[in-house]
Every structure is written in C-alpha cells, then in structure tokens.
Amino acid sequence: MTHAVRQRVLATVAVVPLLALAAACGGSDEDKEAGAATASCTGKLLPAKANAALPTGFPVPSGAVFYQLSTVGQTQVHFAYVRGDNVVTTRDAIKSQLSNAGFTINGTDQEDNTEAELDADSSSHGGTLQVIHLCNGYLRLRFTLDH
C-alpha cells in the first residue's frame, strides 16, 4: 500500500466515526425549535430587566417580559418572552401593533409553527422581529433594532 493510499484510508477511518457522532448529537434547527414547544420552562423564564425594555415609542406586546439586551455597535437586540404557543399568531398580533403605531411592514416570513419573522421601519426605529418557541406555553421574542 502506497503512502498516499494509506493516508486516504486512515483519513476515511477517522472521519466516519466523527460524522456518525455529529449526526447523533445534532438535528436540524427546526427539530430543536419544535422540541422547545414541549420543553420544560425551568430556568428559562428569567426575571425582567429594566435595561432590556424596548425604546420609547416602540409598541410593547401585551404580557411581554423583557429579560436581556445585547448591543453590537448601534444595533440593539432585545429578548423577551410571552405566553403563547403559536408563533405566527403572536407575530401577526405584534405586526398589527407596529402598523397601528406607524411602522411600515417591509416583509414577513414563517416556517410552520416553529419560527415567524417580520421586518419593519418607522422614522425613529427599524429592524426585525423573530418569534420562536422558548418552552412549553411560552414564546421567545427577539427584536433586532438597527436605529
């Protein structure tokens, strides 16, 4: 067996178990999001933090608990959760609130009942909303605001 052939065989032998391990550990993002719909909420319903709230003038979804704010440059990412089990219905309710507050809805997207998104702008704010399952009976909202 030549050196080059031996290296190819050894590489194949090393890669196959790694691929099997990755397949066993993984699953698609949709599978994970769908699993979140029935997952326990233990440790996931964090307390509200005042600094995580949406900016003044931004409509706040009824019952939303804002628990985390991340800032990257001028982009702010606000995380919240609300009671619910249908991502599309929740997204559409927030879409109506935004429209009523003068926001222009630029587009929406959804994947069954695993994820629903929208893109919106106003004169003072613009960005996106993503709604996914957080745990059994709760949905996570992610508002990404770029101005």
# chains A, B, ... in the order shown; residues from 1 in each chain; ligands from 1
$ select_by_dssp --residues "segment 105-146 of chain A" --states "strand (DSSP E or B)" --output "JSON, numbers by chain"
{"A": [105, 106, 107, 108, 109, 110, 111, 115, 116, 117, 118, 119, 120, 121, 126, 127, 128, 129, 130, 131, 132, 133, 134, 135, 138, 139, 140, 141, 142, 143, 144, 145]}
$ select_by_dssp --residues "segment 78-127 of chain A" --states "helix (DSSP H, G or I)" --output "MDAnalysis selection string"
chainID A and resid 87:100
$ write_last_selection --atoms "C-alpha atoms" --output "tab-separated table (two decimals), in the first residue's frame"
chain	number	residue	atom	x	y	z
A	87	VAL	CA	-45.54	31.81	16.59
A	88	VAL	CA	-47.48	33.09	13.56
A	89	THR	CA	-50.46	34.37	15.57
A	90	THR	CA	-48.12	36.11	18.00
A	91	ARG	CA	-46.05	37.64	15.19
A	92	ASP	CA	-49.22	38.87	13.49
A	93	ALA	CA	-50.52	40.47	16.71
A	94	ILE	CA	-47.23	42.35	17.09
A	95	LYS	CA	-47.35	43.23	13.38
A	96	SER	CA	-50.74	44.89	13.97
A	97	GLN	CA	-49.37	46.82	16.95
A	98	LEU	CA	-46.44	48.05	14.85
A	99	SER	CA	-48.70	49.06	11.95
A	100	ASN	CA	-51.03	50.92	14.32
$ residues_around --residues "Gln68 of chain A" --least-positions-apart "2" --cutoff "6 Å" --atoms "only C-alpha atoms" --output "compact mmCIF listing (two decimals) with C-alpha atoms, in the first residue's frame"
# COMPACT_ATOMS: atom_id res chain seq x y z
CA ALA A 52 -33.82 45.24 28.28
CA HIS A 78 -33.94 42.91 22.91
CA PHE A 79 -35.09 39.50 24.18
$ residues_around --residues "Ala53 of chain A" --least-positions-apart "6" --cutoff "12 Å" --atoms "only C-alpha atoms" --output "CSV table (one decimal) with C-alpha atoms, in the first residue's frame"
chain,number,residue,atom,x,y,z
A,59,PRO,CA,-45.1,49.3,21.0
A,60,VAL,CA,-44.7,46.7,23.7
A,61,PRO,CA,-46.5,43.3,23.2
A,64,ALA,CA,-44.0,40.6,27.3
A,65,VAL,CA,-41.2,40.2,29.9
A,66,PHE,CA,-38.0,41.7,28.6
A,67,TYR,CA,-35.1,40.0,30.2
A,68,GLN,CA,-31.9,40.6,28.1
A,69,LEU,CA,-30.4,43.3,25.9
A,70,SER,CA,-27.3,42.8,23.7
A,76,GLN,CA,-29.7,46.6,19.9
A,77,VAL,CA,-31.1,43.1,20.4
A,78,HIS,CA,-33.9,42.9,22.9
A,79,PHE,CA,-35.1,39.5,24.2
A,80,ALA,CA,-38.5,38.9,25.7
A,81,TYR,CA,-41.0,36.1,26.3
A,141,LEU,CA,-39.3,37.3,21.0
A,142,ARG,CA,-36.1,38.8,19.6
A,143,PHE,CA,-36.3,42.4,18.4
$ closest_residue --among "A:Ser123, A:Asn51, A:Thr71, A:Thr56" --to "Gly102 of chain A" --atoms "only C-alpha atoms"
A:Ser123
$ residues_around --residues "Gly127 of chain A" --least-positions-apart "2" --cutoff "9 Å" --atoms "only C-alpha atoms" --output "list in words"
Thr75, Leu118, Asp119, Ala120, Asp121, His125, Leu129, Phe143, Thr144, Leu145, Asp146 and His147 of chain A
$ write_last_selection --atoms "C-alpha atoms" --output "compact mmCIF listing (two decimals), in the first residue's frame"
# COMPACT_ATOMS: atom_id res chain seq x y z
CA THR A 75 -27.63 47.52 16.82
CA LEU A 118 -41.06 40.36 10.25
CA ASP A 119 -39.09 43.40 9.12
CA ALA A 120 -40.42 46.88 9.98
CA ASP A 121 -39.36 50.54 9.91
CA HIS A 125 -36.70 52.73 14.61
CA LEU A 129 -38.70 40.55 14.98
CA PHE A 143 -36.29 42.40 18.44
CA THR A 144 -33.18 43.45 16.49
CA LEU A 145 -33.22 47.23 16.13
CA ASP A 146 -30.73 48.98 13.89
CA HIS A 147 -31.74 52.60 14.60
$ atom_distance --atom1 "atom CA of Cys135 of chain A" --atom2 "atom CA of Ser62 of chain A"
18.4 Å
$ closest_residue --among "A:Gln74, A:Ser40, A:Asn136, A:Asn86" --to "Thr114 of chain A" --atoms "only C-alpha atoms"
A:Asn86
